[in-house]
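Worksheet: one structure, shown below.
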Amino acid sequence: MPQQISTAAFIGLGVMGYPMAGHLARAGLDVRVYNRTAAKAKAWSDEYGGSHHATPAEAAQGADLVLVCVGNDDDVRQVTMGEQGVLAGMSTGSILIDHTTASADLAATLDAACREQGVDFMDAPVSGGQQGAENGVLTIMCGGTESTFARAEPVLAHYARAVTLMGPAGSGQLTKMVNQICIAGLVQGLAEGLHFAEQAGLDQQRVIDVVAKGAAGSWQMENRHKTMIADQYEHGFAVDWMRKDLAICLEQARRIQARLPITALVDQFYADVQAMGGNRWDTSSLLRRLRNVPQD
């Protein structure tokens, strides 16, 4: 009989990880946290009552489940397989879940490393952004075995509205790539539509009120149109992170011979936004790029 999960370690307390770990603590789990900036880990412990630790390995000791939510592949490797990584502290029969949006190759590497140690692994990137994490309504795409998913899903449900097993290890990351590919095209289309409406002298808000009720409606339209119209981008999912994700998508596409012409183009548009100083702007800042492109 698989052991019940009562103790969880959470590694990485950024804008996503901080509230995600908080939901686990509120649900009654014993939560042990680690963050590269120790002061943030202490602040989390002060707020939620869990314990904070000096290294990922220390946080993972005694945990039934270890969750990682950091920046990129290199960060994941450091906090999982490094000298003081979580695998140095995890025990046989525990579960490692990586929520980071990372490569499918890394998922395969982690899966193999966990198997050698008698630990179960699941890649589980999320969608829904900071707002989704805070409200506990993330969408989680999982790659792993059915038995590991069955054990972990009730815990993940504390901060998600949808938790789905997509296939073996790596499948979660591949599904997240589909998510980012779709978002790239949607945001560019929304930016162009709002730019066109502005240039045509239309009331942009009234336009959105109409078209959002039809086939053009989307999450991006509903949640980003107001700040786009107001030209406000100091929020949301940073352009730097989106370019990191799209680089993963484009590299994977080359390997499997998938054609992503629009994704590659939008990636270059985001490079233009970075050149404008918009590294930390929300991805919807593609509209500001259009407003600043010289007329032909």
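Following the order of the structure tokens, chains are lettered A, B, ..., residues in each are numbered from 1, and ligands are numbered from 1.
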Excluding range 43-45 of chain A and its own-chain neighbours fewer than 5 positions away, which residues fall within 9 Å of it when counting only C-alpha atoms? Please give them as a PyMOL selection string. chain A and resi 13+18+21-22+32-33+38+50-52
Kindly save the residues from that selection, with N, CA and C atoms included, as a CSV table (one decimal), in the first residue's frame.
chain,number,residue,atom,x,y,z
A,13,LEU,N,10.5,29.6,-4.3
A,13,LEU,CA,9.4,30.4,-3.9
A,13,LEU,C,9.2,31.7,-4.7
A,18,TYR,N,5.6,30.4,-4.3
A,18,TYR,CA,5.2,31.0,-3.0
A,18,TYR,C,3.8,30.7,-2.7
A,21,ALA,N,3.0,26.7,-2.6
A,21,ALA,CA,3.4,26.1,-1.3
A,21,ALA,C,2.5,26.5,-0.2
A,22,GLY,N,2.0,27.7,-0.3
A,22,GLY,CA,1.0,28.2,0.7
A,22,GLY,C,-0.3,27.4,0.7
A,32,ARG,N,8.0,21.9,4.0
A,32,ARG,CA,9.4,22.3,4.3
A,32,ARG,C,9.8,23.0,3.0
A,33,VAL,N,10.3,24.3,3.1
A,33,VAL,CA,10.7,25.1,1.9
A,33,VAL,C,12.1,25.4,1.9
A,38,ALA,N,17.3,33.3,1.0
A,38,ALA,CA,16.8,32.7,2.3
A,38,ALA,C,15.8,33.5,3.0
A,50,GLY,N,5.2,26.8,8.0
A,50,GLY,CA,6.1,25.7,7.7
A,50,GLY,C,7.5,26.0,8.1
A,51,SER,N,8.4,25.1,7.8
A,51,SER,CA,9.8,25.2,8.1
A,51,SER,C,10.6,25.6,6.9
A,52,HIS,N,11.7,26.4,7.1
A,52,HIS,CA,12.6,26.8,6.0
A,52,HIS,C,13.9,26.2,6.2
Can you tell me, as a ChimeraX atom specification, which residues in range 164-254 of chain A count as alpha helix (DSSP H) by DSSP? /A:171-199,204-211,219-229,239-254
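Take CA of Arg115 in chain A and CA of Leu250 in chain A: the distance between them is 29.0 Å.
CA of Leu156 in chain A lies 20.3 Å from CA of Ser91 in chain A.
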For Asp73 in chain A, work out the shell of residues within 9 Å, counting only C-alpha atoms and skipping chain neighbours fewer than 4 positions away, then give it as a VMD selection string. chain A and resid 77 to 78 100 to 103 106
Deliver the residues from the most recent selection as a file, using C-alpha atoms, as a PDB file, in the first residue's frame.
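Result file is result04.pdb:
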ATOM      1  CA  ARG A  77      19.685  20.440 -12.283  1.00  0.00           C
ATOM      2  CA  GLN A  78      21.288  22.433  -9.476  1.00  0.00           C
ATOM      3  CA  THR A 100       9.349  24.135 -13.884  1.00  0.00           C
ATOM      4  CA  THR A 101       8.756  24.676 -17.599  1.00  0.00           C
ATOM      5  CA  ALA A 102      11.832  22.853 -18.836  1.00  0.00           C
ATOM      6  CA  SER A 103      12.973  20.551 -21.637  1.00  0.00           C
ATOM      7  CA  LEU A 106      15.730  17.084 -18.636  1.00  0.00           C
TER       8      LEU A 106
END
Ranking A:Ser284, A:Arg26, A:Gly214, A:Gly132 by minimum distance to Ala162 in chain A and counting only C-alpha atoms, which one comes first? A:Gly132
Considering only C-alpha atoms, return as an NGL selection string whatever protein or nucleic-acid residues lie within 12 Å of Leu29 in chain A, sequence-local ones (same chain, fewer than 5 positions apart) excluded. :A and (4-10 or 21-24 or 48-51 or 63-65 or 154-156 or 158)
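Nearest to Phe237 in chain A of all the residues A:Trp281, A:Phe196, A:Phe269, A:Trp219 is A:Trp281, based on only C-alpha atoms.
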Using only C-alpha atoms, which protein or nucleic acid residues come within 12 Å of Gly217 in chain A? Drop anything in the same chain fewer than 6 positions from it, and give the result as a ChimeraX atom specification. /A:186-187,189-190,193,207-211,223-225
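Using only C-alpha atoms, the nearest neighbour of Lys226 in chain A within the list A:Gly143, A:Gln204, A:Gly28, A:Tyr159 is A:Gln204.
From CA of Gly12 in chain A back to CA of Asn35 in chain A, the distance works out to 4.9 Å.
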Once DSSP has gone over the backbone, tell me which residues of range 59-284 of chain A are in strand (DSSP E or B), as an MDAnalysis selection string. chainID A and resid 65:68 95:98 120:123 126:127 138:143 160:167 238 282
Set the distance at 7 Å and use only C-alpha atoms: which residues neighbour range 165-179 of chain A once local chain neighbours fewer than 2 positions away are removed? I'd like the list as number ranges by chain. A: 101-104, 107-108, 111, 122-125, 141-145, 149, 163, 181-183, 249
Could you write out the selected residues, including C-alpha atoms, as a compact mmCIF listing (two decimals), in the first residue's frame?
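Saved the output as part-v3.txt:
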# COMPACT_ATOMS: atom_id res chain seq x y z
CA THR A 101 8.76 24.68 -17.60
CA ALA A 102 11.83 22.85 -18.84
CA SER A 103 12.97 20.55 -21.64
CA ALA A 104 11.69 17.03 -22.23
CA ALA A 107 12.57 15.24 -17.65
CA ALA A 108 14.05 12.03 -19.05
CA ASP A 111 13.32 10.21 -14.39
CA MET A 122 6.80 13.25 -12.61
CA ASP A 123 7.27 16.33 -14.77
CA ALA A 124 4.31 18.63 -14.19
CA PRO A 125 4.60 22.09 -15.77
CA MET A 141 0.19 18.76 -17.40
CA CYS A 142 1.87 15.63 -16.06
CA GLY A 143 4.33 13.08 -17.39
CA GLY A 144 4.94 9.91 -15.39
CA THR A 145 3.46 6.58 -14.40
CA PHE A 149 0.08 10.27 -10.71
CA VAL A 163 -4.48 17.90 -13.23
CA ILE A 181 3.11 27.72 -28.99
CA CYS A 182 -0.62 28.47 -28.92
CA ILE A 183 -0.21 31.43 -26.55
CA CYS A 249 9.71 24.72 -28.20
All residues 10 Å or closer to Ala57 in chain A, only C-alpha atoms, same chain fewer than 6 positions away omitted, as a count of residues only: 15
